[in-house]
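Take a look at the structure set out below.
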Protein chains: 2
Amino acid sequence: MKVRVFVNLKPGVLDPQGRAVHHALEGLGFAGVEDVRIGRMIELDAADDTTDEALDTMCRQLLANTVIENYRIEKEPA
Amino acid sequence: MKVRVFVNLKPGVLDPQGRAVHHALEGLGFAGVEDVRIGRMIELDAADDTTDEALDTMCRQLLANTVIENYRIEKEPA
């Protein structure tokens, strides 16, 4: 099955990459953007018997830094 | 309004970051994962009158490299 993990910075954590993109958008003339935050989308092609617990453990151990990041797991059956 | 832009590598484009994560997952004992691809999720806080065309132009000019990446725009009204 296909699993998508979305990882984004917790509110309040400084996002220099997002700030740079925001600045670049303004430089290109897009004035209506107030804030930009950048996160990761990790697409896993996992075996159908992969448990939710295993996915959660993957996120906590490797995919996300839970000190500064939140993650959300979205499963899409094959 | 909140806009999410998902950027991922086109199929066939080598993803060294995804491969490294895949390898690390195997090292941690998660054997059921067959493939890992890593993309970006860009969250924009855009003015409500931002047009779809403007968002598309942002993606083409800055947020995605359309030579090797696909993007998908998801709008979420405030």
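Order determines the names: the first chain of the structure tokens is A, the second B, and so forth; residues in each chain are numbered 1 upward, and ligands are numbered 1 upward as they are shown.
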> Can you list every residue in chain A that DSSP puts in strand (DSSP E), as an MDAnalysis selection string?
Replying inline: chainID A and resid 2:9 33:46 69:76
>> Should the cut-off be 10 Å, what would the residue list for chain B against chain A look like, counting only C-alpha atoms, as an NGL selection string?
In response: :B and (1-8 or 18 or 21-22 or 24-25 or 28-50 or 54-55 or 57-58 or 61-63)
Kindly save the residues from that selection, with C-alpha atoms included, as an mmCIF file, in the first residue's frame.
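Written out: selection_2.cif:
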```cif
data_model
loop_
_atom_site.group_PDB
_atom_site.id
_atom_site.type_symbol
_atom_site.label_atom_id
_atom_site.label_comp_id
_atom_site.auth_asym_id
_atom_site.auth_seq_id
_atom_site.Cartn_x
_atom_site.Cartn_y
_atom_site.Cartn_z
ATOM 1 C CA MET B 1 -6.684 31.278 2.755
ATOM 2 C CA LYS B 2 -4.385 28.376 3.343
ATOM 3 C CA VAL B 3 -2.829 26.811 0.264
ATOM 4 C CA ARG B 4 -0.785 23.631 0.246
ATOM 5 C CA VAL B 5 1.559 22.856 -2.602
ATOM 6 C CA PHE B 6 2.856 19.298 -2.855
ATOM 7 C CA VAL B 7 5.984 18.871 -4.908
ATOM 8 C CA ASN B 8 7.349 15.443 -5.726
ATOM 9 C CA GLY B 18 14.524 8.650 -0.557
ATOM 10 C CA VAL B 21 15.776 6.884 4.068
ATOM 11 C CA HIS B 22 14.796 3.498 2.625
ATOM 12 C CA ALA B 24 17.967 3.604 7.059
ATOM 13 C CA LEU B 25 14.494 2.089 7.560
ATOM 14 C CA LEU B 28 16.192 -0.103 11.787
ATOM 15 C CA GLY B 29 14.446 -3.398 11.008
ATOM 16 C CA PHE B 30 11.459 -2.199 8.970
ATOM 17 C CA ALA B 31 11.601 -4.803 6.226
ATOM 18 C CA GLY B 32 8.206 -4.237 4.611
ATOM 19 C CA VAL B 33 9.008 -0.976 2.889
ATOM 20 C CA GLU B 34 9.668 -1.365 -0.825
ATOM 21 C CA ASP B 35 10.259 2.193 -1.916
ATOM 22 C CA VAL B 36 10.600 5.662 -0.444
ATOM 23 C CA ARG B 37 10.220 8.938 -2.309
ATOM 24 C CA ILE B 38 10.640 12.291 -0.646
ATOM 25 C CA GLY B 39 8.875 15.464 -1.690
ATOM 26 C CA ARG B 40 8.080 18.866 -0.290
ATOM 27 C CA MET B 41 4.930 20.301 1.201
ATOM 28 C CA ILE B 42 4.779 24.080 1.011
ATOM 29 C CA GLU B 43 2.099 25.779 3.093
ATOM 30 C CA LEU B 44 1.227 29.266 1.931
ATOM 31 C CA ASP B 45 -0.905 31.708 3.853
ATOM 32 C CA ALA B 46 -2.196 33.601 0.831
ATOM 33 C CA ALA B 47 -4.631 36.484 0.429
ATOM 34 C CA ASP B 48 -8.174 35.297 -0.316
ATOM 35 C CA ASP B 49 -8.132 36.985 -3.721
ATOM 36 C CA THR B 50 -5.063 35.069 -4.891
ATOM 37 C CA ALA B 54 -1.018 33.276 -9.629
ATOM 38 C CA LEU B 55 -0.555 30.104 -7.570
ATOM 39 C CA THR B 57 2.840 30.796 -11.705
ATOM 40 C CA MET B 58 4.436 30.697 -8.230
ATOM 41 C CA GLN B 61 8.668 30.102 -11.276
ATOM 42 C CA LEU B 62 9.892 29.191 -7.836
ATOM 43 C CA LEU B 63 8.342 26.368 -5.844
#
```
> If you measure from CA of Lys10 in chain B to CA of Asn70 in chain B, what distance in Å do you get, rounded to one decimal?
Replying inline: 5.8 Å
> as a VMD selection string, which residues of range 11-69 of chain A does DSSP assign to alpha helix (DSSP H)?
Replying inline: chain A and resid 16 to 27 52 to 58
Given the selection you just returned, output its residues as a file containing C-alpha atoms, formatted as a PDB file, in the first residue's frame.
```pdb
ATOM      1  CA  PRO A  16      14.410  29.899   7.533  1.00  0.00           C
ATOM      2  CA  GLN A  17      13.674  27.982   4.329  1.00  0.00           C
ATOM      3  CA  GLY A  18      10.064  29.152   4.369  1.00  0.00           C
ATOM      4  CA  ARG A  19      11.180  32.683   5.075  1.00  0.00           C
ATOM      5  CA  ALA A  20      13.571  32.589   2.118  1.00  0.00           C
ATOM      6  CA  VAL A  21      10.799  31.343  -0.169  1.00  0.00           C
ATOM      7  CA  HIS A  22       8.463  34.036   1.161  1.00  0.00           C
ATOM      8  CA  HIS A  23      11.070  36.678   0.436  1.00  0.00           C
ATOM      9  CA  ALA A  24      11.684  35.272  -3.054  1.00  0.00           C
ATOM     10  CA  LEU A  25       7.936  35.271  -3.815  1.00  0.00           C
ATOM     11  CA  GLU A  26       7.761  38.934  -2.824  1.00  0.00           C
ATOM     12  CA  GLY A  27      10.737  39.624  -5.051  1.00  0.00           C
ATOM     13  CA  ASP A  52      -0.118   1.562  12.130  1.00  0.00           C
ATOM     14  CA  GLU A  53       2.221   1.084  15.077  1.00  0.00           C
ATOM     15  CA  ALA A  54       5.133   0.276  12.752  1.00  0.00           C
ATOM     16  CA  LEU A  55       4.422   3.390  10.692  1.00  0.00           C
ATOM     17  CA  ASP A  56       4.244   5.475  13.827  1.00  0.00           C
ATOM     18  CA  THR A  57       7.540   4.048  15.045  1.00  0.00           C
ATOM     19  CA  MET A  58       9.178   4.830  11.676  1.00  0.00           C
TER      20      MET A  58
END
```
> What does the distance between CA of Thr51 in chain A and CA of Lys75 in chain A come to in Å, to one decimal place?
Replying inline: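 Here the two named atoms are 10.7 Å from each other.
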